[in-house]
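Structure data (mmCIF, C-alpha atoms and all ligand atoms) from work-v1.cif:
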data_coords
loop_
_atom_site.label_atom_id
_atom_site.label_comp_id
_atom_site.auth_asym_id
_atom_site.auth_seq_id
_atom_site.Cartn_x
_atom_site.Cartn_y
_atom_site.Cartn_z
CA MET A 13 160.89 80.36 -3.80
CA GLY A 14 162.97 77.31 -4.63
CA GLN A 15 163.02 73.85 -3.15
CA VAL A 16 166.08 72.94 -1.06
CA TYR A 17 167.42 69.40 -0.79
CA LEU A 18 169.69 68.75 2.20
CA THR A 19 171.46 65.85 0.60
CA GLY A 20 173.91 63.21 1.77
CA ALA A 21 176.73 62.51 -0.67
CA GLY A 22 177.84 59.24 0.92
CA PRO A 23 181.34 58.48 2.21
CA GLY A 24 183.45 58.61 -0.94
CA ASP A 25 182.82 55.70 -3.27
CA MET A 26 180.70 57.30 -5.98
CA GLU A 27 178.47 54.23 -6.16
CA LEU A 28 177.45 54.77 -2.54
CA LEU A 29 175.48 57.83 -3.61
CA THR A 30 171.73 57.18 -3.40
CA LEU A 31 169.54 57.22 -6.51
CA LYS A 32 167.56 60.06 -4.98
CA ALA A 33 170.67 62.17 -4.37
CA LEU A 34 171.81 61.56 -7.93
CA ARG A 35 168.40 62.57 -9.26
CA VAL A 36 168.47 65.97 -7.52
CA VAL A 37 172.14 66.58 -8.41
CA LYS A 38 171.15 66.14 -12.07
CA ILE A 39 168.37 68.75 -11.89
CA ALA A 40 170.07 71.21 -9.50
CA ASP A 41 170.35 74.90 -10.45
CA VAL A 42 172.94 75.37 -7.70
CA ILE A 43 174.95 72.92 -5.59
CA ILE A 44 176.36 74.16 -2.29
CA TYR A 45 179.00 71.65 -1.22
CA ASP A 46 181.67 70.88 1.36
CA ARG A 47 185.01 69.27 0.85
CA LEU A 48 183.24 66.27 -0.60
CA ALA A 49 184.28 62.72 -0.25
CA ASN A 50 183.85 62.43 -4.00
CA PRO A 51 183.99 65.54 -6.23
CA GLU A 52 183.06 63.35 -9.22
CA ILE A 53 179.46 63.76 -8.12
CA LEU A 54 179.53 67.38 -9.34
CA LYS A 55 180.21 66.16 -12.89
CA GLU A 56 176.67 64.77 -12.92
CA ALA A 57 175.19 68.27 -12.66
CA LYS A 58 173.66 70.29 -15.51
CA LYS A 59 176.06 72.34 -17.64
CA ASP A 60 174.81 75.66 -16.28
CA CYS A 61 174.61 74.57 -12.65
CA GLU A 62 176.28 77.01 -10.23
CA PHE A 63 178.70 75.52 -7.70
CA VAL A 64 179.29 77.11 -4.32
CA TYR A 65 182.09 75.71 -2.17
CA VAL A 66 181.61 76.27 1.54
CA GLY A 67 184.60 74.16 2.60
CA LYS A 68 184.66 71.88 5.55
CA GLU A 69 187.78 70.30 6.95
CA ASP A 70 187.74 67.89 9.86
CA GLY A 71 184.24 68.94 10.82
CA ARG A 72 185.14 72.62 10.91
CA HIS A 73 183.51 74.89 8.42
CA ILE A 74 185.69 77.48 6.75
CA LEU A 75 182.57 79.58 6.25
CA PRO A 76 180.74 80.04 9.56
CA GLN A 77 177.54 77.98 9.77
CA ASP A 78 175.28 81.05 9.90
CA GLU A 79 176.76 82.27 6.62
CA ILE A 80 176.18 78.86 5.06
CA ASN A 81 172.56 78.94 6.24
CA GLU A 82 172.11 82.38 4.73
CA THR A 83 173.79 81.31 1.46
CA ILE A 84 171.35 78.41 1.10
CA TYR A 85 168.44 80.76 1.76
CA GLN A 86 169.66 83.36 -0.75
CA LYS A 87 170.07 80.68 -3.41
CA ALA A 88 166.52 79.47 -2.71
CA LEU A 89 165.28 82.98 -3.47
CA LYS A 90 167.10 82.90 -6.78
CA TYR A 91 166.72 79.33 -8.06
CA ASP A 92 164.13 76.56 -8.30
CA VAL A 93 166.30 73.62 -7.25
CA VAL A 94 168.93 74.11 -4.56
CA VAL A 95 171.05 71.12 -3.52
CA ARG A 96 173.03 71.33 -0.30
CA LEU A 97 175.43 68.41 -0.69
CA LYS A 98 177.23 67.07 2.37
CA GLY A 99 179.59 64.17 2.98
CA GLY A 100 178.01 61.03 4.42
CA ASP A 101 174.61 61.71 5.96
CA PRO A 102 173.39 65.28 6.50
CA PHE A 103 172.17 64.56 10.05
CA VAL A 104 175.27 62.72 11.32
CA PHE A 105 177.55 65.51 12.50
CA GLY A 106 176.53 67.28 9.33
CA ARG A 107 174.68 70.28 10.80
CA GLY A 108 171.76 69.49 8.50
CA GLY A 109 169.42 70.11 11.41
CA GLU A 110 170.59 73.69 11.80
CA GLU A 111 170.21 74.32 8.08
CA GLY A 112 166.72 72.82 8.07
CA MET A 113 165.63 74.96 11.01
CA TYR A 114 166.98 78.11 9.41
CA LEU A 115 165.06 77.39 6.21
CA LYS A 116 161.89 76.53 8.14
CA ASN A 117 162.11 79.93 9.87
CA LYS A 118 162.42 81.66 6.54
CA GLY A 119 159.50 79.73 5.11
CA VAL A 120 161.61 77.79 2.60
CA SER A 121 160.48 74.28 1.73
CA PHE A 122 163.14 71.58 2.10
CA GLU A 123 163.62 67.83 1.91
CA ILE A 124 166.22 65.67 3.60
CA ILE A 125 167.94 63.06 1.48
CA PRO A 126 169.78 60.76 3.87
CA GLY A 127 173.20 59.52 2.82
CA ILE A 128 175.30 56.52 3.69
CA THR A 129 177.22 57.70 6.71
CA SER A 130 180.96 57.18 6.96
CA ALA A 131 180.41 55.99 10.54
CA ILE A 132 179.22 52.58 9.32
CA SER A 133 180.38 52.32 5.73
CA VAL A 134 184.03 53.21 6.27
CA PRO A 135 184.51 50.49 8.92
CA ALA A 136 182.70 48.12 6.52
CA TYR A 137 185.23 48.90 3.77
CA ALA A 138 187.97 48.14 6.29
CA GLY A 139 186.38 44.76 7.04
CA ILE A 140 185.01 45.85 10.43
CA PRO A 141 181.30 45.22 11.16
CA VAL A 142 180.11 47.74 13.76
CA THR A 143 178.01 45.05 15.46
CA SER A 144 178.58 41.33 15.46
CA ARG A 145 176.76 38.59 17.32
CA GLY A 146 178.58 37.75 20.53
CA VAL A 147 181.14 40.54 20.02
CA ALA A 148 179.31 43.86 20.02
CA VAL A 149 175.61 44.34 20.78
CA SER A 150 175.60 48.07 20.07
CA PHE A 151 177.65 50.84 18.55
CA ARG A 152 177.98 54.51 19.36
CA VAL A 153 178.99 57.33 17.06
CA VAL A 154 180.74 60.01 19.07
CA THR A 155 182.27 63.37 18.30
CA GLY A 156 186.05 63.36 18.59
CA HIS A 157 186.07 67.09 18.32
CA GLU A 158 185.75 67.67 22.02
CA THR A 159 189.02 67.81 23.95
CA PRO A 160 188.68 64.71 26.15
CA ASN A 161 190.27 66.26 29.24
CA LYS A 162 187.80 69.09 29.11
CA THR A 163 186.15 69.32 32.54
CA ASP A 164 182.72 70.09 31.12
CA SER A 165 182.81 67.19 28.62
CA GLN A 166 179.40 66.42 27.15
CA ILE A 167 180.42 62.84 26.44
CA ASP A 168 179.42 60.30 29.08
CA TRP A 169 182.82 58.59 29.04
CA LYS A 170 182.03 56.22 31.92
CA SER A 171 179.01 54.76 30.12
CA PHE A 172 180.92 53.01 27.32
CA LYS A 173 180.36 49.26 27.56
CA ASN A 174 182.87 46.57 26.72
CA ASN A 175 180.54 44.88 24.23
CA GLU A 176 179.91 48.15 22.44
CA THR A 177 181.76 49.54 19.44
CA ILE A 178 182.77 53.19 19.67
CA ILE A 179 183.21 55.18 16.49
CA PHE A 180 184.81 58.60 16.77
CA LEU A 181 184.32 61.04 13.92
CA MET A 182 186.48 64.17 13.69
CA GLY A 183 188.81 62.68 16.29
CA LEU A 184 192.14 62.17 14.57
CA HIS A 185 193.90 65.17 16.09
CA ASN A 186 192.70 64.08 19.56
CA ILE A 187 193.51 60.40 19.20
CA GLN A 188 196.17 60.17 21.90
CA THR A 189 193.98 61.90 24.47
CA ILE A 190 190.94 59.83 23.51
CA CYS A 191 192.91 56.60 24.05
CA LYS A 192 194.32 57.82 27.38
CA LYS A 193 190.88 58.87 28.55
CA LEU A 194 189.36 55.47 27.69
CA ILE A 195 192.15 53.66 29.55
CA SER A 196 191.71 55.97 32.55
CA ILE A 197 188.02 55.06 32.81
CA GLY A 198 188.76 51.34 32.79
CA LYS A 199 188.93 50.19 29.17
CA SER A 200 191.58 47.55 28.59
CA LYS A 201 194.92 48.84 27.34
CA ASP A 202 194.78 46.00 24.81
CA CYS A 203 191.41 47.02 23.44
CA PRO A 204 191.69 46.98 19.62
CA ILE A 205 191.51 50.26 17.73
CA ALA A 206 191.52 51.03 14.02
CA VAL A 207 192.08 54.34 12.29
CA ILE A 208 190.74 54.46 8.75
CA SER A 209 191.74 57.26 6.42
CA LYS A 210 189.95 58.23 3.20
CA GLY A 211 187.59 55.31 3.61
CA THR A 212 185.80 53.78 0.60
CA THR A 213 188.20 55.50 -1.82
CA LYS A 214 191.20 54.11 -3.68
CA GLU A 215 193.45 55.84 -1.12
CA GLN A 216 191.86 54.13 1.85
CA LYS A 217 194.43 53.31 4.53
CA THR A 218 193.90 51.53 7.85
CA ILE A 219 196.12 51.31 10.90
CA VAL A 220 195.23 48.72 13.56
CA SER A 221 196.68 48.78 17.05
CA THR A 222 195.64 48.84 20.72
CA LEU A 223 194.55 51.74 22.93
CA GLN A 224 197.95 51.66 24.61
CA ASN A 225 200.11 51.34 21.51
CA ILE A 226 198.35 53.39 18.89
CA PRO A 227 201.33 54.71 16.99
CA LYS A 228 202.09 58.37 16.51
CA GLU A 229 201.90 57.79 12.73
CA ALA A 230 198.15 57.26 13.02
CA LYS A 231 197.75 60.93 13.78
CA LYS A 232 199.55 61.81 10.55
CA LEU A 233 197.18 59.89 8.28
CA PRO A 234 195.42 62.10 5.75
CA THR A 235 191.91 63.27 6.63
CA PRO A 236 189.07 62.49 6.56
CA ALA A 237 189.74 59.70 9.00
CA LEU A 238 187.69 57.98 11.68
CA ILE A 239 188.48 55.84 14.70
CA VAL A 240 186.84 52.50 15.56
CA ILE A 241 187.34 51.03 19.02
CA GLY A 242 186.21 47.59 20.17
CA GLU A 243 186.62 43.86 19.75
CA VAL A 244 184.97 43.99 16.31
CA VAL A 245 188.23 45.43 14.95
CA LYS A 246 189.73 41.91 15.21
CA LEU A 247 187.21 40.58 12.68
CA ARG A 248 189.12 42.54 10.05
CA ASP A 249 191.70 39.74 10.03
CA GLU A 250 189.13 37.66 8.17
CA LEU A 251 186.81 40.26 6.66
CA ASN A 252 189.22 42.73 5.09
CA TRP A 253 188.02 42.62 1.48
CA PHE A 254 188.53 46.06 0.00
CA GLU A 255 192.15 46.87 0.67
CA ASP A 256 193.29 43.43 -0.55
N1 LIG B 301 178.04 63.63 7.85
C1 LIG B 301 179.26 62.86 7.76
C2 LIG B 301 180.22 63.14 8.90
C3 LIG B 301 180.66 64.59 9.00
S1 LIG B 301 181.88 64.84 10.25
C4 LIG B 301 178.90 61.38 7.66
O1 LIG B 301 177.75 60.98 7.90
O2 LIG B 301 179.80 60.60 7.30
C5 LIG B 301 183.36 64.56 9.33
C6 LIG B 301 184.07 63.32 9.85
O3 LIG B 301 183.53 62.16 9.24
C7 LIG B 301 185.54 63.28 9.52
O4 LIG B 301 186.30 64.01 10.45
C8 LIG B 301 185.81 61.80 9.63
O5 LIG B 301 185.95 61.39 10.97
C9 LIG B 301 184.53 61.19 9.09
N2 LIG B 301 184.62 60.82 7.66
C10 LIG B 301 183.87 61.29 6.65
N3 LIG B 301 184.18 60.70 5.48
C11 LIG B 301 185.17 59.82 5.76
C12 LIG B 301 185.93 58.91 4.98
N4 LIG B 301 185.73 58.76 3.66
N5 LIG B 301 186.88 58.16 5.60
C13 LIG B 301 187.10 58.28 6.92
N6 LIG B 301 186.41 59.13 7.72
C14 LIG B 301 185.45 59.88 7.15
#
Any chance you could give the structure as structure tokens?
Ligand code: SAH
Amino acid sequence: MGQVYLTGAGPGDMELLTLKALRVVKIADVIIYDRLANPEILKEAKKDCEFVYVGKEDGRHILPQDEINETIYQKALKYDVVVRLKGGDPFVFGRGGEEGMYLKNKGVSFEIIPGITSAISVPAYAGIPVTSRGVAVSFRVVTGHETPNKTDSQIDWKSFKNNETIIFLMGLHNIQTICKKLISIGKSKDCPIAVISKGTTKEQKTIVSTLQNIPKEAKKLPTPALIVIGEVVKLRDELNWFED
């Protein structure tokens, strides 16, 4: 029985891959990967390493999750070193927990290699600190996958504070409804919002606006993209370092 590594690939910039992730990529017999932020990582693998693409777009797997779980298990029966490589961090909307539990049930040994999540690093590359003294005392990473006007929403919309940064992952297609919802629960129409596409890569693009005015073009930005909402977005005026 092989050893499985549920591994974070980081947000895109190859240099944001951890040393530990790189070490297991180099010794992997098989790498099971999503639509990765940076496919260059695969070039670090051994010559005879097998690659299995289990595609993931906008948080939605092309292969159903139970088939991915089973694929990882089958590869663990066949190989010594199995790397399950995922964008960002495997436990931040990465379904790493489900994969770990499946393996545990099957008696397969696994390790988690955390990755640098896009939730924090992508805003950083857009010059937006997720917390800042006197501006935001906390930040929340929220799924944007849920339709915000859903009556059985699992998100506690009313609990968002004004001195808190909200980061929506997988939310681009819902952006208009997210903004409307936040205004309807009392957030200022002028609250700053940034949409960052392909963060930490050479194609990074950021649109800054307000909850009320977020332009239709934002929705058309290429994915992956995330949404940052809160006063910290204004700090970009001074801190934007990467796109310049
Ligand atoms: N486990 C990942 C998140 C998976 S959900 C992590 O920790 O980063 C996928 C969502 O992450 C995308 O819909 C998008 O909102 C966000 N995302 C991932 N990489 C990104 C990038 N380079 N730029 C902008 N958003 C990104």
Where does chain A meet ligand LIG 301 (chain B) within 7 Å, residue by residue, with the nearest atom pair and distance in Å to one decimal for each, counting all atoms listed in the file, listed by chain and rising number, as a Markdown table?
| residue | atom | partner | partner_atom | distance |
| --- | --- | --- | --- | --- |
| A:Gly22 | CA | B:LIG301 | O2 | 6.8 |
| A:Pro23 | CA | B:LIG301 | N4 | 4.6 |
| A:Gly24 | CA | B:LIG301 | N4 | 5.1 |
| A:Ala49 | CA | B:LIG301 | N4 | 5.8 |
| A:Asp70 | CA | B:LIG301 | O4 | 4.2 |
| A:Gly71 | CA | B:LIG301 | C5 | 4.7 |
| A:Lys98 | CA | B:LIG301 | N1 | 6.5 |
| A:Gly99 | CA | B:LIG301 | C1 | 5.0 |
| A:Gly100 | CA | B:LIG301 | C4 | 3.4 |
| A:Asp101 | CA | B:LIG301 | O1 | 3.8 |
| A:Pro102 | CA | B:LIG301 | N1 | 5.1 |
| A:Phe103 | CA | B:LIG301 | N1 | 6.3 |
| A:Val104 | CA | B:LIG301 | N1 | 4.5 |
| A:Phe105 | CA | B:LIG301 | C3 | 4.8 |
| A:Gly106 | CA | B:LIG301 | N1 | 4.2 |
| A:Gly127 | CA | B:LIG301 | O1 | 7.0 |
| A:Ile128 | CA | B:LIG301 | O1 | 6.6 |
| A:Thr129 | CA | B:LIG301 | O1 | 3.5 |
| A:Ser130 | CA | B:LIG301 | O2 | 3.6 |
| A:Ala131 | CA | B:LIG301 | O2 | 5.7 |
| A:Val134 | CA | B:LIG301 | N5 | 5.8 |
| A:Phe180 | CA | B:LIG301 | O5 | 6.5 |
| A:Leu181 | CA | B:LIG301 | O5 | 3.4 |
| A:Met182 | CA | B:LIG301 | O4 | 3.2 |
| A:Gly183 | CA | B:LIG301 | O5 | 6.2 |
| A:Ile208 | CA | B:LIG301 | C13 | 5.6 |
| A:Ser209 | CA | B:LIG301 | C13 | 4.8 |
| A:Lys210 | CA | B:LIG301 | N5 | 3.9 |
| A:Gly211 | CA | B:LIG301 | N5 | 3.5 |
| A:Thr212 | CA | B:LIG301 | N4 | 5.8 |
| A:Thr213 | CA | B:LIG301 | N4 | 6.8 |
| A:Thr235 | CA | B:LIG301 | O4 | 6.8 |
| A:Pro236 | CA | B:LIG301 | N6 | 4.4 |
| A:Ala237 | CA | B:LIG301 | N6 | 3.6 |
| A:Leu238 | CA | B:LIG301 | O5 | 3.9 |
Check your understanding: Once you count all atoms listed in the file, which residues end up no further than 12 Å from (173.8, 78.6, -16.4) in the file's frame, shown as a list in words?
Key -> Ala40, Asp41, Val42, Ala57, Lys58, Lys59, Asp60, Cys61, Glu62, Phe63 and Tyr91 of chain A
Check your understanding: Looking at A:Pro234, A:Pro135, A:Pro141, A:Gly242, which one is nearest to Pro204 of chain A, with distances taken over only C-alpha atoms?
Key ->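 Of all the options, A:Gly242 lies closest to Pro204 of chain A.
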Point to revise | Protein and nucleic acid residues near (193.9, 59.2, 24.0) (cut-off 12 Å, all atoms listed in the file) as number ranges by chain | key: A: 156, 158-161, 180, 183-197, 199, 201, 205, 222-228, 230-231, 239, 241
Point to revise | Separation of atom CA of Ile125 of chain A from atom CA of Ala21 of chain A in Å | key: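 Atom-to-atom, atom CA of Ala21 of chain A and atom CA of Ile125 of chain A are spaced 9.1 Å apart.
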Exercise for review: Mind giving me the straight-line distance from atom CA of Gly146 of chain A to atom CA of Val207 of chain A in Å, one decimal?
Suggested key: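 Separating atom CA of Gly146 of chain A from atom CA of Val207 of chain A is a distance of 22.9 Å.
One finds atom CA of Asn50 of chain A at 23.8 Å from atom CA of Gln15 of chain A.
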Exercise for review: Please identify all polymer residues within 6 Å of Leu97 of chain A, counting only C-alpha atoms, omitting same-chain residues fewer than 2 positions from it, and present them as JSON, numbers by chain.
Suggested key: {"A": [19, 20, 45, 95]}
Practice item. Might you pull out every residue within 12 Å of Ser121 of chain A, with all atoms listed in the file counted and same-chain residues fewer than 4 positions away left off, and present them as a ChimeraX atom specification? Key: /A:13-18,84-85,88-89,92-94,111-117
Give me the residues within 12 Å of Phe254 of chain A as an mmCIF file with C-alpha atoms, in the frame of the given file, counting only C-alpha atoms and dropping any in the same chain fewer than 4 places off.
data_model
loop_
_atom_site.group_PDB
_atom_site.id
_atom_site.type_symbol
_atom_site.label_atom_id
_atom_site.label_comp_id
_atom_site.auth_asym_id
_atom_site.auth_seq_id
_atom_site.Cartn_x
_atom_site.Cartn_y
_atom_site.Cartn_z
ATOM 1 C CA ASP A 25 182.820 55.700 -3.270
ATOM 2 C CA SER A 133 180.380 52.320 5.730
ATOM 3 C CA VAL A 134 184.030 53.210 6.270
ATOM 4 C CA PRO A 135 184.510 50.490 8.920
ATOM 5 C CA ALA A 136 182.700 48.120 6.520
ATOM 6 C CA TYR A 137 185.230 48.900 3.770
ATOM 7 C CA ALA A 138 187.970 48.140 6.290
ATOM 8 C CA GLY A 139 186.380 44.760 7.040
ATOM 9 C CA ILE A 140 185.010 45.850 10.430
ATOM 10 C CA GLY A 211 187.590 55.310 3.610
ATOM 11 C CA THR A 212 185.800 53.780 0.600
ATOM 12 C CA THR A 213 188.200 55.500 -1.820
ATOM 13 C CA LYS A 214 191.200 54.110 -3.680
ATOM 14 C CA GLU A 215 193.450 55.840 -1.120
ATOM 15 C CA GLN A 216 191.860 54.130 1.850
ATOM 16 C CA LYS A 217 194.430 53.310 4.530
ATOM 17 C CA THR A 218 193.900 51.530 7.850
ATOM 18 C CA ARG A 248 189.120 42.540 10.050
ATOM 19 C CA GLU A 250 189.130 37.660 8.170
#
Check your understanding: With all atoms listed in the file as the atoms that count, which of A:Leu75, A:Val142, A:Asn81, A:Asp164 lies nearest to Arg47 of chain A?
Key ->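 Residue with the minimum atom-to-atom distance to Arg47 of chain A: A:Leu75.
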